[in-house]
Amino acid sequence: MPTEQVNAPAAAIDRVAQLRKEITRHAYLYYVNDSPEIPDYEYDALFSELKSLEDTYPDLIVPSSPTQTVGSAILSSFEPVVHASPMMSLGNVFSEDELREWMHRISRLDDEAAASSLVVEPKIDGVAISLVYQDGVLAQAATRGDGVTGEDVTANIRTISVIPWDISDSSRKHRVPSYLDVRGEIYMPVDSFKQLNKVQIEKGLKTYANPRNFAAGSLRQKDPKITATRPLLFWAYQIGSASNEVANSQTEALQYMRDCGFPVNPEIRSVKNIQEAVDRCLELQEHRHDLPYEIDGAVIKIDSFDLQNRLGSTSHAPRWAIAYKFPPEEKITRLLAIEVSIGRTGRATPYAVLEPVTVGGSIVSMATLHNEDQVKLKDVRPSDMVIVRKAGDVIPEIVGHISESRTSDSKPWEFPDRCPSCGGPLVRLEGESDTYCITMDCPAQKIQRIAHYASRVAMDIEGLGEKRVDWLVSGGLVHDLGDLYSLDRDRLVAMSGLGDLSVDNLFHALDESRQRPLYRLLVGLGIRHLGPAGARAIAGEFGHLDAVMDAELDELSEIEGVGAVIAQSIQRFFAAEANQRVIDNLRKVGINFGETAVSSASHYHVADSLSGGSGHYVAEAGSKAGGVAEAGGGSDTGIAQTLAGKSIVVTGAIEGFTREEVEGLIRERGGKAAGSVSKKTWVVVVGRDPGVTKLRKADELGIPQVDASLFREILETGELIEP
């Protein structure tokens, strides 16, 4: 690959942008929502294509590219933890030749690598975790997150019995440093996963695609008591950092962790050279399903820590380690039928009903066919013998058919023109590959929409999985989102047979969801093309659902990360009468339409700085029940609404205030803290290092611009003051 700076052609620029968007979406589904849509090998192929394009056109590389970052965003329901040293990702290879090329590549950087010993470890398909011990006692546990910042899951980790709480045993006290960061993988045994998924089905709750997803979901429970019921286990595989040296090599580090009482995988092998490493990888691949846990590859590491340090890392991964990914597994079985499922947006997705076959260690009876074009491209038909592929135990797919097995009377499958759920028309829009049911009252859409609304990434209503939603809708208890909050307890108990505790937990979860922040509600409404990142940006810009509904198209499209397509989709959604009725019902049952509430403590800090320390605003702001005021409202704080109806853009830093404080001050005075300049902007406040784009836009539209030194006066008077 050429590495010199070149001018990238338009096709490469477009493809890079498309790949980054697609990879970021799938990373969010995998790391945050624990519900991947594509197998690992497809994700790896997308990532490799992006890396190749960036290698060819290095001027396209940006710090935010997935090739330059690790993992994904963390969940806001957990406290953030900054790792003492980054929890990096690993580079991938997919063949013996690529594995040897990795060794050749690092040997060119340091000729000692070619003769160095290696360590080959099973690549556990679980959740990476950091365990921090202070003076030998477990002090904090955190997920990998984005590699720099993870989620604090200490309380949940303490429920996992194989993880030691205290390693300061007197017999080895002199060996335990005051600070020790042990890295490893939380996983769930395959048999335990199957049993627990069976229980989920019986309870009408969401099932998980594989043990990795179940482990991640279990670890992210807000109640540690729930985590304690899940049979999670742990393998330690690395020392992240320590206050004093405890080992000189990976082999010594593994033994040290064993001595401290950590579980270390017995399948780890030390080998002398790259050929032995290849042999061990192939051995693990052959016997992967003989193990009681899932592995999706092997990790090969340089043993010597001194050599590791000399080889160093890229921005994304260490050079001294590589992951050998196992290829997807394929089997042949009979395609019994092709059926169509209807999603929450009405999208009709064909899927294959298969004669059950064991692939990748589990029984497969269904596989995705994506859309009408894919069915035609693969030319698969009912009664065909087909090749089924499964990788990472995510979603089985049909690769193709066996031509020799096809009978003479076989006919191509045709996409139905009526919805299998409601009987309404199925429509394929011009220029799109997907087909949709356009009937708003379609039962299948209703179930999927409500299940999505209740999902973790949206309103996070524990205990309201797809099976239970199906039961509520089919039983006539729920017709739209607002009905969830008006459930009749006695009728629910009588019809469902649920115990009092289960019903209490469901009603408690529903009550909690009423106060979710605006961005979660926007996600929960299921607006086409609008994901969590765009929802956060829109919520931060407008502060209230009513403002979003009233927003002009250009106001929406100018928000960073939104654009014209999402903006048009938002406007179409809120223009539909059926959706307006849903919003009205949610308003009636008390759903929060504003941003996240702010504590009175934050009012104190900001108000005190404005009032010269008198505390005048403090008493008023703190008078609201519980010391909490809604950030989007402002009228209940007792602070004069000097900026009512005015949109203010602040660009650059304002001395003495954080960005959050600036936005909070504007909103609690009735104004809108906008993130972009539009024709509705009242004034642009210019701080240190302002955004050039915002200033240029303000000039074009003739929007007044004032120096940051006048920010306090504008807040107090609501008037533009000439400097």
# chains A, B, ... in the order shown; residues from 1 in each chain; ligands from 1

$ residues_around --residues "segment 333-339 of chain A" --least-positions-apart "2" --cutoff "12 Å" --atoms "only C-alpha atoms" --output "ChimeraX atom specification"
/A:330-331,341-342,348-359,363-372,375,379-389,397-402,405-406,412-416,419-421

$ select_by_dssp --residues "segment 93-197 of chain A" --states "helix (DSSP H, G or I)" --output "number ranges by chain"
A: 96-109, 113-115, 154-157, 170-175, 190-197

$ write_last_selection --atoms "N, CA and C atoms" --output "CSV table (one decimal), in the first residue's frame"
chain,number,residue,atom,x,y,z
A,96,GLU,N,-3.1,-18.5,8.0
A,96,GLU,CA,-1.8,-18.8,8.5
A,96,GLU,C,-0.8,-17.8,7.8
A,97,ASP,N,-1.0,-17.5,6.5
A,97,ASP,CA,0.0,-16.6,5.8
A,97,ASP,C,0.0,-15.2,6.5
A,98,GLU,N,-1.2,-14.7,6.9
A,98,GLU,CA,-1.3,-13.4,7.5
A,98,GLU,C,-0.7,-13.4,8.9
A,99,LEU,N,-0.8,-14.5,9.6
A,99,LEU,CA,-0.1,-14.6,10.9
A,99,LEU,C,1.4,-14.6,10.7
A,100,ARG,N,1.9,-15.3,9.7
A,100,ARG,CA,3.4,-15.3,9.5
A,100,ARG,C,3.8,-13.9,9.0
A,101,GLU,N,3.0,-13.2,8.3
A,101,GLU,CA,3.3,-11.8,7.8
A,101,GLU,C,3.4,-10.9,9.0
A,102,TRP,N,2.5,-11.1,10.0
A,102,TRP,CA,2.6,-10.3,11.2
A,102,TRP,C,3.9,-10.4,11.9
A,103,MET,N,4.4,-11.7,12.0
A,103,MET,CA,5.7,-11.9,12.6
A,103,MET,C,6.8,-11.2,11.7
A,104,HIS,N,6.7,-11.4,10.4
A,104,HIS,CA,7.7,-10.8,9.5
A,104,HIS,C,7.7,-9.2,9.7
A,105,ARG,N,6.5,-8.7,9.9
A,105,ARG,CA,6.4,-7.2,10.0
A,105,ARG,C,7.0,-6.7,11.3
A,106,ILE,N,6.8,-7.4,12.4
A,106,ILE,CA,7.4,-6.9,13.6
A,106,ILE,C,8.9,-7.2,13.7
A,107,SER,N,9.3,-8.3,13.0
A,107,SER,CA,10.7,-8.6,13.0
A,107,SER,C,11.5,-7.5,12.3
A,108,ARG,N,10.9,-6.8,11.3
A,108,ARG,CA,11.6,-5.7,10.6
A,108,ARG,C,11.8,-4.5,11.6
A,109,LEU,N,10.9,-4.4,12.6
A,109,LEU,CA,11.0,-3.3,13.6
A,109,LEU,C,12.0,-3.7,14.6
A,113,ALA,N,12.5,-10.2,17.5
A,113,ALA,CA,11.1,-10.7,17.5
A,113,ALA,C,11.1,-12.1,16.8
A,114,ALA,N,11.8,-12.3,15.7
A,114,ALA,CA,11.8,-13.5,15.0
A,114,ALA,C,12.2,-14.7,15.8
A,115,ALA,N,13.1,-14.5,16.8
A,115,ALA,CA,13.6,-15.6,17.6
A,115,ALA,C,13.0,-15.6,19.0
A,154,THR,N,-18.3,-2.2,39.6
A,154,THR,CA,-17.7,-2.8,40.7
A,154,THR,C,-18.7,-3.7,41.5
A,155,ALA,N,-19.9,-3.1,41.8
A,155,ALA,CA,-20.9,-3.8,42.6
A,155,ALA,C,-21.3,-5.1,41.9
A,156,ASN,N,-21.4,-5.1,40.6
A,156,ASN,CA,-21.8,-6.3,39.9
A,156,ASN,C,-20.7,-7.4,39.9
A,157,ILE,N,-19.4,-6.9,39.7
A,157,ILE,CA,-18.3,-7.8,39.7
A,157,ILE,C,-18.1,-8.5,41.0
A,170,SER,N,-1.0,-13.3,53.6
A,170,SER,CA,0.3,-13.0,54.3
A,170,SER,C,1.4,-13.7,53.7
A,171,SER,N,1.1,-14.9,53.1
A,171,SER,CA,2.2,-15.7,52.5
A,171,SER,C,2.8,-15.1,51.2
A,172,ARG,N,2.1,-14.1,50.7
A,172,ARG,CA,2.7,-13.4,49.5
A,172,ARG,C,2.5,-11.9,49.5
A,173,LYS,N,2.3,-11.4,50.8
A,173,LYS,CA,2.0,-10.0,50.9
A,173,LYS,C,3.1,-9.1,50.3
A,174,HIS,N,4.4,-9.6,50.4
A,174,HIS,CA,5.5,-8.8,49.9
A,174,HIS,C,5.5,-8.7,48.4
A,175,ARG,N,4.7,-9.6,47.7
A,175,ARG,CA,4.7,-9.6,46.3
A,175,ARG,C,3.5,-8.8,45.7
A,190,VAL,N,-21.3,-22.2,28.0
A,190,VAL,CA,-22.4,-22.4,27.0
A,190,VAL,C,-23.6,-23.1,27.6
A,191,ASP,N,-23.4,-24.1,28.5
A,191,ASP,CA,-24.6,-24.8,29.0
A,191,ASP,C,-25.4,-23.9,29.9
A,192,SER,N,-24.8,-23.0,30.7
A,192,SER,CA,-25.5,-22.0,31.5
A,192,SER,C,-26.3,-21.1,30.6
A,193,PHE,N,-25.7,-20.7,29.5
A,193,PHE,CA,-26.3,-19.7,28.6
A,193,PHE,C,-27.6,-20.3,28.1
A,194,LYS,N,-27.5,-21.6,27.6
A,194,LYS,CA,-28.7,-22.3,27.1
A,194,LYS,C,-29.8,-22.4,28.1
A,195,GLN,N,-29.5,-22.7,29.3
A,195,GLN,CA,-30.5,-22.9,30.4
A,195,GLN,C,-31.1,-21.5,30.7
A,196,LEU,N,-30.3,-20.5,30.8
A,196,LEU,CA,-30.9,-19.2,31.2
A,196,LEU,C,-31.7,-18.6,30.0
A,197,ASN,N,-31.3,-18.8,28.8
A,197,ASN,CA,-32.1,-18.4,27.7
A,197,ASN,C,-33.5,-19.1,27.7

$ atom_distance --atom1 "atom CA of His452 of chain A" --atom2 "atom CA of Val523 of chain A"
8.7 Å

$ residues_around --residues "segment 690-702 of chain A" --least-positions-apart "6" --cutoff "10 Å" --atoms "only C-alpha atoms" --output "list of chain:residue names"
A:Val649, A:Val650, A:Thr651, A:Gly652, A:Ala653, A:Gly675, A:Ser676, A:Val677, A:Ser678, A:Lys679, A:Lys680, A:Thr681, A:Val683, A:Val684

$ write_last_selection --atoms "N, CA and C atoms" --output "CSV table (one decimal), in the first residue's frame"
chain,number,residue,atom,x,y,z
A,649,VAL,N,-26.5,31.0,20.5
A,649,VAL,CA,-25.4,30.1,20.2
A,649,VAL,C,-24.1,30.6,20.9
A,650,VAL,N,-23.4,29.8,21.6
A,650,VAL,CA,-22.2,30.1,22.3
A,650,VAL,C,-21.1,29.3,21.6
A,651,THR,N,-20.1,30.0,21.0
A,651,THR,CA,-19.0,29.3,20.4
A,651,THR,C,-17.7,29.7,21.0
A,652,GLY,N,-16.9,28.7,21.4
A,652,GLY,CA,-15.6,29.0,22.1
A,652,GLY,C,-15.9,28.9,23.6
A,653,ALA,N,-14.8,29.0,24.3
A,653,ALA,CA,-14.8,28.9,25.8
A,653,ALA,C,-15.1,30.2,26.4
A,675,GLY,N,-26.9,24.6,19.3
A,675,GLY,CA,-25.6,24.2,18.9
A,675,GLY,C,-25.1,24.6,17.5
A,676,SER,N,-26.1,25.2,16.8
A,676,SER,CA,-25.7,25.7,15.4
A,676,SER,C,-26.5,27.0,15.1
A,677,VAL,N,-25.9,27.8,14.2
A,677,VAL,CA,-26.5,29.1,13.9
A,677,VAL,C,-27.5,28.9,12.8
A,678,SER,N,-28.7,29.5,13.0
A,678,SER,CA,-29.8,29.5,12.0
A,678,SER,C,-30.4,30.8,12.0
A,679,LYS,N,-31.4,31.0,11.1
A,679,LYS,CA,-32.1,32.3,11.0
A,679,LYS,C,-32.9,32.6,12.3
A,680,LYS,N,-33.1,31.6,13.1
A,680,LYS,CA,-33.8,31.9,14.4
A,680,LYS,C,-32.9,32.3,15.5
A,681,THR,N,-31.6,32.3,15.3
A,681,THR,CA,-30.6,32.6,16.3
A,681,THR,C,-30.8,34.1,16.7
A,683,VAL,N,-28.6,35.7,19.1
A,683,VAL,CA,-27.3,36.3,19.2
A,683,VAL,C,-26.2,35.1,19.2
A,684,VAL,N,-25.0,35.4,18.8
A,684,VAL,CA,-23.9,34.5,18.9
A,684,VAL,C,-22.9,35.1,19.9

$ select_by_dssp --residues "segment 432-609 of chain A" --states "strand (DSSP E)" --output "VMD selection string"
chain A and resid 435 to 437 598 to 599

$ residues_around --residues "Ile163 of chain A" --least-positions-apart "2" --cutoff "9 Å" --atoms "only C-alpha atoms" --output "PyMOL selection string"
chain A and resi 157-161+165+233-234+261-263

$ write_last_selection --atoms "N, CA and C atoms" --output "mmCIF file, in the first residue's frame"
data_model
loop_
_atom_site.group_PDB
_atom_site.id
_atom_site.type_symbol
_atom_site.label_atom_id
_atom_site.label_comp_id
_atom_site.auth_asym_id
_atom_site.auth_seq_id
_atom_site.Cartn_x
_atom_site.Cartn_y
_atom_site.Cartn_z
ATOM 1 N N ILE A 157 -19.437 -6.882 39.707
ATOM 2 C CA ILE A 157 -18.274 -7.780 39.672
ATOM 3 C C ILE A 157 -18.107 -8.502 41.012
ATOM 4 N N ARG A 158 -18.438 -7.835 42.094
ATOM 5 C CA ARG A 158 -18.287 -8.450 43.422
ATOM 6 C C ARG A 158 -19.200 -9.665 43.607
ATOM 7 N N THR A 159 -20.193 -9.817 42.731
ATOM 8 C CA THR A 159 -21.095 -10.972 42.846
ATOM 9 C C THR A 159 -20.531 -12.213 42.151
ATOM 10 N N ILE A 160 -19.421 -12.076 41.426
ATOM 11 C CA ILE A 160 -18.832 -13.197 40.688
ATOM 12 C C ILE A 160 -17.832 -13.901 41.598
ATOM 13 N N SER A 161 -18.168 -15.091 42.021
ATOM 14 C CA SER A 161 -17.443 -15.753 43.105
ATOM 15 C C SER A 161 -15.998 -16.087 42.771
ATOM 16 N N TRP A 165 -11.688 -11.031 46.141
ATOM 17 C CA TRP A 165 -11.850 -9.684 46.695
ATOM 18 C C TRP A 165 -10.550 -9.191 47.327
ATOM 19 N N LEU A 233 -18.395 -16.186 34.864
ATOM 20 C CA LEU A 233 -17.059 -16.619 35.265
ATOM 21 C C LEU A 233 -16.025 -15.666 34.689
ATOM 22 N N PHE A 234 -14.764 -15.902 34.983
ATOM 23 C CA PHE A 234 -13.717 -14.938 34.641
ATOM 24 C C PHE A 234 -12.414 -15.658 34.335
ATOM 25 N N GLY A 261 -4.511 -16.137 43.048
ATOM 26 C CA GLY A 261 -5.854 -16.685 43.158
ATOM 27 C C GLY A 261 -6.777 -16.375 41.999
ATOM 28 N N PHE A 262 -6.249 -15.786 40.914
ATOM 29 C CA PHE A 262 -7.090 -15.491 39.752
ATOM 30 C C PHE A 262 -7.196 -16.725 38.859
ATOM 31 N N PRO A 263 -8.372 -16.977 38.277
ATOM 32 C CA PRO A 263 -8.497 -18.065 37.304
ATOM 33 C C PRO A 263 -7.727 -17.706 36.028
#

$ atom_distance --atom1 "atom CA of Val562 of chain A" --atom2 "atom CA of Glu432 of chain A"
20.5 Å

$ residues_around --residues "Thr717 of chain A" --least-positions-apart "5" --cutoff "12 Å" --atoms "only C-alpha atoms" --output "ChimeraX atom specification"
/A:639-644,669,710-712

$ residues_around --residues "segment 278-282 of chain A" --least-positions-apart "6" --cutoff "8 Å" --atoms "only C-alpha atoms" --output "ChimeraX atom specification"
/A:96,99,120,269,297-298,324

$ write_last_selection --atoms "C-alpha atoms" --output "PDB file, in the first residue's frame"
ATOM      1  CA  GLU A  96      -1.775 -18.791   8.453  1.00  0.00           C
ATOM      2  CA  LEU A  99      -0.123 -14.645  10.877  1.00  0.00           C
ATOM      3  CA  VAL A 120      -0.929 -18.475  22.480  1.00  0.00           C
ATOM      4  CA  ARG A 269       0.425 -22.423  25.717  1.00  0.00           C
ATOM      5  CA  GLY A 297     -10.051 -17.205  17.723  1.00  0.00           C
ATOM      6  CA  ALA A 298      -6.645 -17.217  19.392  1.00  0.00           C
ATOM      7  CA  TYR A 324      -6.052 -15.011  14.782  1.00  0.00           C
TER       8      TYR A 324
END

$ atom_distance --atom1 "atom CA of Ala458 of chain A" --atom2 "atom CA of Leu521 of chain A"
6.5 Å
